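Each remark here refers to the structure printed beneath this line.
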Amino acid sequence: MPLRSQEWFGRTGKDGFIYRAWMKNQGFPHHLFTGEKPVIGICNTWSELTPCNAHFRDLAEAVKRGIWEAGGFPLEFPVMSLGECQIKPTAMLFRNLASMDVEESIRANSLDGVILMCGCDKTTPSLVMGAASVDIPALVLSGGPMLAGRYKGKKIGTSDLWRFAEDFKTGQMSQEEFVAAEACMARSIGHCAPMGTASTMAAMVEALGLALPDNATIPAADSRRKVLAHMAGIEIVNLVRKGVKPSDILTRQAFENAIMVNAALGGSTNFIIHLLAIAGRVGVDLTIDDFDKLSAQIPLLANVQPSGEHFVEDLFYAGGLPAVIRELRGFLHNDAMTINGKTLGENCASAECYDPDVIGSVEKPFKPESGIAVLKGNLSPYGAVLKPSAASPHLMQHTGRAVVFENIDDYKTRVDDPDLDIDPSCVMVLKNVGPRGYPGMPEVGNMTLPKKILDQGVHDMVRISDGRMSGTGFGTVVLHVSPEAAVGGPLALVQNGDLITLDVEQRLLHLHVDEEELARRLASFQPLNLGYDRGYVNLYIRHVTQAHEGADLDFLRGGSGPVVRRDSH
Ligand code: FES
């Protein structure tokens, strides 16, 4: 098969002149354009505004070395980069926009294959979604986790921020100590050090078979990350020569593997939304119920924050993701194909666990319960999610009085009001932080508890919202309630004083208000006027799907393939 890039560079006459001539201003000799060498795009999310990916230009050089070595022709290009801690109002608002950038950039250019350079949370799903909708050979290279921080002699990572925030609120930590902890936490290149969303996504692509073994856990600062980048460069050229596309790898079995591996890792709840969106791009029939069903038998193996005590760096030293996958071999589809031409099982066959305190076994897991509980009931007819490994056992079956915050501003205004009528048995309810309601579904679901509750020494309460929570967050937090309040979901109808039951074992989320009363409340429901009458956010609000469907834009589901329909010049 002639290379796709020859549709650009292989032309004669004026067209070929135009496609080649300007490229030659970078010093590329003519023989690179004659169709011997696959053209490999390096889709780079480098940005100083995405600090987790700030080392990617350096890393891309290692990728290029591998591509050259394997006989390819590397061309690096930038796409929209989403820095989780910088972008307002929330990076999730732009995940789908970035995926459009990636999709159109790949399709419109003279590429035979592409390396997707991902790191900070949304940079992985946006690149995978975009590339899947084009479906030319693609391989994911993650940037790697940070080294764990050290503060006052203790290892720290992003999950500690939530504890520090509570200590700061109750006066146990000063502003000076807070600033000192900042500098200690993010002390090296790379993304968040716990099993937050970034590392969860890196593990997701490895379990899906879209990345090389060890992609998820080699620290960013470790020289072996560059070796991996070099090998990724070699492998993508092989993939192009073999004609292996994302759709060949992203089978139903691959998605099931990713769900089971995520369960064993205690990965982020954001995984659900992103995996559903990716499945929607490749036409794999995946539902929110699959996450609960498939993780039900899987024990929590990884003793890594936020569900445990160690960091992703330690997971690497203990054997990395291959050791986890090998331990799960009795559950997984081991014959699922991966991008290096070997099956998932073959890739991990010789992996060993070097530290059973970090990677438990199926017989002796870190915790017996893992995964995601999908809760349904009259408060969440399409589902809501809770991460049992990060929740408090004594709250897993709980009935309490609702204390309602109508939106995030209402929460911020009233949460620390000494007159707020709340006690530790209450259920905190936050509305209008879903995909449409915020808009963008921010990570505010693990609301910091009211100061008066923290002052009592209480650190967890049942919290319910239609928003998300940081992958580094924890607590008995019910998230992604669908349908969301902003579209008139039952969450919109909850009032102060209503009783709510959470029963994780029964997978139930129930509002103790009779149907007649709910119908009466629904009749007076007023949709929010979000006030975005132009631009991308207007498009987003009109087309975003609900959380249980992956919160993609409805018209982006599926793919359009690699063919450029109108070919001018
Ligand atoms: Fe980038 Fe956590 S802020 S991974």
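Simple scheme: letters A, B, ... for chains in structure tokens order, numbers from 1 for residues in each chain, numbers from 1 for ligands in the order shown.
Within 10 Å of region 414-421 of chain A there are Lys169, Val403, Phe405, Met428, Met447, Thr448, Leu449, Pro450, Lys451, Lys452, Ile453, Asn496 and Gly497 of chain A, counting only C-alpha atoms and ignoring same-chain residues fewer than 6 positions away.
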Any chance you could export the current selection's N, CA, C and O atoms as a JSON list (two decimals), in the first residue's frame?
```json
[["chain", "number", "residue", "atom", "x", "y", "z"],
["A", 169, "LYS", "N", -7.98, 25.45, 56.93],
["A", 169, "LYS", "CA", -9.30, 25.99, 57.29],
["A", 169, "LYS", "C", -9.49, 26.00, 58.81],
["A", 169, "LYS", "O", -10.10, 26.90, 59.36],
["A", 403, "VAL", "N", -28.67, 18.72, 53.14],
["A", 403, "VAL", "CA", -28.33, 20.13, 53.25],
["A", 403, "VAL", "C", -27.94, 20.55, 51.83],
["A", 403, "VAL", "O", -26.96, 20.06, 51.28],
["A", 405, "PHE", "N", -27.03, 22.83, 48.52],
["A", 405, "PHE", "CA", -26.41, 24.02, 47.93],
["A", 405, "PHE", "C", -26.86, 24.07, 46.48],
["A", 405, "PHE", "O", -26.65, 23.11, 45.73],
["A", 428, "MET", "N", -24.61, 16.23, 52.29],
["A", 428, "MET", "CA", -24.41, 17.49, 51.57],
["A", 428, "MET", "C", -24.75, 17.28, 50.09],
["A", 428, "MET", "O", -24.25, 16.36, 49.46],
["A", 447, "MET", "N", -16.61, 18.28, 48.02],
["A", 447, "MET", "CA", -16.69, 19.55, 48.75],
["A", 447, "MET", "C", -15.95, 19.45, 50.09],
["A", 447, "MET", "O", -16.17, 18.50, 50.85],
["A", 448, "THR", "N", -15.11, 20.45, 50.37],
["A", 448, "THR", "CA", -14.50, 20.49, 51.70],
["A", 448, "THR", "C", -15.63, 20.65, 52.73],
["A", 448, "THR", "O", -16.57, 21.42, 52.52],
["A", 449, "LEU", "N", -15.52, 19.94, 53.81],
["A", 449, "LEU", "CA", -16.60, 19.97, 54.81],
["A", 449, "LEU", "C", -16.66, 21.34, 55.49],
["A", 449, "LEU", "O", -15.66, 22.06, 55.55],
["A", 450, "PRO", "N", -17.83, 21.69, 56.04],
["A", 450, "PRO", "CA", -17.94, 22.96, 56.76],
["A", 450, "PRO", "C", -16.94, 23.02, 57.92],
["A", 450, "PRO", "O", -16.66, 22.00, 58.56],
["A", 451, "LYS", "N", -16.46, 24.22, 58.19],
["A", 451, "LYS", "CA", -15.46, 24.39, 59.25],
["A", 451, "LYS", "C", -15.99, 23.86, 60.58],
["A", 451, "LYS", "O", -15.25, 23.23, 61.35],
["A", 452, "LYS", "N", -17.27, 24.09, 60.85],
["A", 452, "LYS", "CA", -17.81, 23.66, 62.14],
["A", 452, "LYS", "C", -17.82, 22.13, 62.27],
["A", 452, "LYS", "O", -17.75, 21.59, 63.38],
["A", 453, "ILE", "N", -17.87, 21.43, 61.12],
["A", 453, "ILE", "CA", -17.79, 19.96, 61.16],
["A", 453, "ILE", "C", -16.34, 19.53, 61.36],
["A", 453, "ILE", "O", -16.03, 18.65, 62.17],
["A", 496, "ASN", "N", -33.83, 21.16, 51.21],
["A", 496, "ASN", "CA", -33.28, 21.03, 52.56],
["A", 496, "ASN", "C", -34.23, 20.21, 53.43],
["A", 496, "ASN", "O", -35.44, 20.43, 53.41],
["A", 497, "GLY", "N", -33.69, 19.28, 54.15],
["A", 497, "GLY", "CA", -34.50, 18.49, 55.08],
["A", 497, "GLY", "C", -34.99, 17.18, 54.50],
["A", 497, "GLY", "O", -35.40, 16.29, 55.26]]
```
Nearby residues (only C-alpha atoms) at most 6 Å from region 215-224 of chain A, same-chain spacing under 5 positions excluded, as a ChimeraX atom specification: /A:143-146,190,202-203,312-313,316,320
Within 7 Å of Gly66 (chain A) using only C-alpha atoms, minus same-chain residues under 2 positions, as an NGL selection string: :A and (62-64 or 68-70 or 230-234)
Can you write out the residues you just picked, keeping N, CA and C atoms, as a compact mmCIF listing (two decimals), in the first residue's frame?
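Generated file (result-v2.txt):
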```txt
# COMPACT_ATOMS: atom_id res chain seq x y z
N ALA A 62 13.54 12.41 22.03
CA ALA A 62 13.81 10.97 22.15
C ALA A 62 12.90 10.18 21.22
N VAL A 63 11.65 10.62 21.08
CA VAL A 63 10.73 9.96 20.14
C VAL A 63 11.30 10.06 18.72
N LYS A 64 11.79 11.25 18.39
CA LYS A 64 12.31 11.45 17.03
C LYS A 64 13.49 10.53 16.75
N TRP A 68 13.57 8.08 13.53
CA TRP A 68 14.65 8.09 12.53
C TRP A 68 15.31 6.71 12.44
N GLU A 69 15.57 6.13 13.62
CA GLU A 69 16.25 4.82 13.65
C GLU A 69 15.46 3.76 12.89
N ALA A 70 14.13 3.84 13.02
CA ALA A 70 13.29 2.82 12.39
C ALA A 70 12.98 3.15 10.92
N HIS A 230 11.93 6.65 23.01
CA HIS A 230 12.70 6.19 21.85
C HIS A 230 12.05 4.93 21.25
N MET A 231 11.69 4.00 22.13
CA MET A 231 11.08 2.75 21.65
C MET A 231 9.70 3.00 21.04
N ALA A 232 9.00 3.99 21.59
CA ALA A 232 7.68 4.34 21.01
C ALA A 232 7.87 4.85 19.58
N GLY A 233 8.96 5.59 19.37
CA GLY A 233 9.26 6.09 18.02
C GLY A 233 9.51 4.93 17.05
N ILE A 234 10.22 3.92 17.52
CA ILE A 234 10.47 2.74 16.66
C ILE A 234 9.15 2.01 16.38
```
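The space separating CA of Ser370 (chain A) from CA of Arg252 (chain A) comes to 21.3 Å.
Excluding Glu182 (chain A) itself and same-chain residues fewer than 3 positions from it, the residues having an atom within 12 Å of it are Gly149, Arg150, Tyr151, Ile156, Gly157, Thr158, Asp160, Leu161, Phe164, Ala165, Gln175, Glu176, Glu177, Phe178, Val179, Met185, Ala186 and Arg187 of chain A, counting only C-alpha atoms.
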Prev. selection, N, CA and C atoms, output as a JSON list (two decimals), in the first residue's frame:
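What ended up in out_5.json:
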```json
[["chain", "number", "residue", "atom", "x", "y", "z"],
["A", 149, "GLY", "N", 6.67, 14.24, 46.47],
["A", 149, "GLY", "CA", 7.23, 15.38, 47.19],
["A", 149, "GLY", "C", 7.66, 14.99, 48.60],
["A", 150, "ARG", "N", 8.36, 15.88, 49.25],
["A", 150, "ARG", "CA", 8.74, 15.66, 50.66],
["A", 150, "ARG", "C", 8.47, 16.95, 51.42],
["A", 151, "TYR", "N", 7.72, 16.84, 52.46],
["A", 151, "TYR", "CA", 7.42, 18.02, 53.28],
["A", 151, "TYR", "C", 7.55, 17.63, 54.75],
["A", 156, "ILE", "N", 4.82, 13.51, 50.16],
["A", 156, "ILE", "CA", 3.50, 14.10, 49.87],
["A", 156, "ILE", "C", 3.23, 14.11, 48.37],
["A", 157, "GLY", "N", 1.95, 14.20, 48.04],
["A", 157, "GLY", "CA", 1.51, 14.31, 46.65],
["A", 157, "GLY", "C", 0.21, 15.07, 46.63],
["A", 158, "THR", "N", -0.42, 15.11, 45.46],
["A", 158, "THR", "CA", -1.61, 15.95, 45.29],
["A", 158, "THR", "C", -2.72, 15.62, 46.29],
["A", 160, "ASP", "N", -2.54, 15.02, 49.28],
["A", 160, "ASP", "CA", -2.32, 15.72, 50.56],
["A", 160, "ASP", "C", -2.86, 17.14, 50.54],
["A", 161, "LEU", "N", -3.00, 17.70, 49.33],
["A", 161, "LEU", "CA", -3.56, 19.04, 49.23],
["A", 161, "LEU", "C", -4.92, 19.13, 49.93],
["A", 164, "PHE", "N", -4.30, 19.25, 53.58],
["A", 164, "PHE", "CA", -3.74, 20.56, 53.94],
["A", 164, "PHE", "C", -4.83, 21.62, 53.95],
["A", 165, "ALA", "N", -5.74, 21.53, 52.97],
["A", 165, "ALA", "CA", -6.81, 22.54, 52.86],
["A", 165, "ALA", "C", -7.68, 22.50, 54.11],
["A", 175, "GLN", "N", -0.38, 30.08, 56.58],
["A", 175, "GLN", "CA", -0.18, 30.42, 55.18],
["A", 175, "GLN", "C", 1.27, 30.14, 54.77],
["A", 176, "GLU", "N", 2.22, 30.43, 55.68],
["A", 176, "GLU", "CA", 3.65, 30.19, 55.38],
["A", 176, "GLU", "C", 3.91, 28.70, 55.16],
["A", 177, "GLU", "N", 3.30, 27.88, 56.01],
["A", 177, "GLU", "CA", 3.49, 26.43, 55.85],
["A", 177, "GLU", "C", 2.84, 25.94, 54.55],
["A", 178, "PHE", "N", 1.72, 26.55, 54.21],
["A", 178, "PHE", "CA", 1.01, 26.20, 52.98],
["A", 178, "PHE", "C", 1.92, 26.47, 51.77],
["A", 179, "VAL", "N", 2.55, 27.65, 51.76],
["A", 179, "VAL", "CA", 3.43, 28.03, 50.65],
["A", 179, "VAL", "C", 4.65, 27.10, 50.60],
["A", 185, "MET", "N", 5.79, 19.88, 47.08],
["A", 185, "MET", "CA", 4.95, 18.86, 46.44],
["A", 185, "MET", "C", 5.33, 18.61, 44.99],
["A", 186, "ALA", "N", 5.37, 19.67, 44.20],
["A", 186, "ALA", "CA", 5.65, 19.52, 42.77],
["A", 186, "ALA", "C", 7.11, 19.80, 42.52],
["A", 187, "ARG", "N", 7.98, 18.85, 42.89],
["A", 187, "ARG", "CA", 9.42, 19.13, 42.90],
["A", 187, "ARG", "C", 10.14, 18.61, 41.67]]
```
Residues within 12 Å of ligand 1, counting only C-alpha atoms and all ligand atoms, as a PyMOL selection string: chain A and resi 45+47-54+81-87+90-91+118-124+142-146+157-159+161+185-186+189-202+220+268+443+470-473
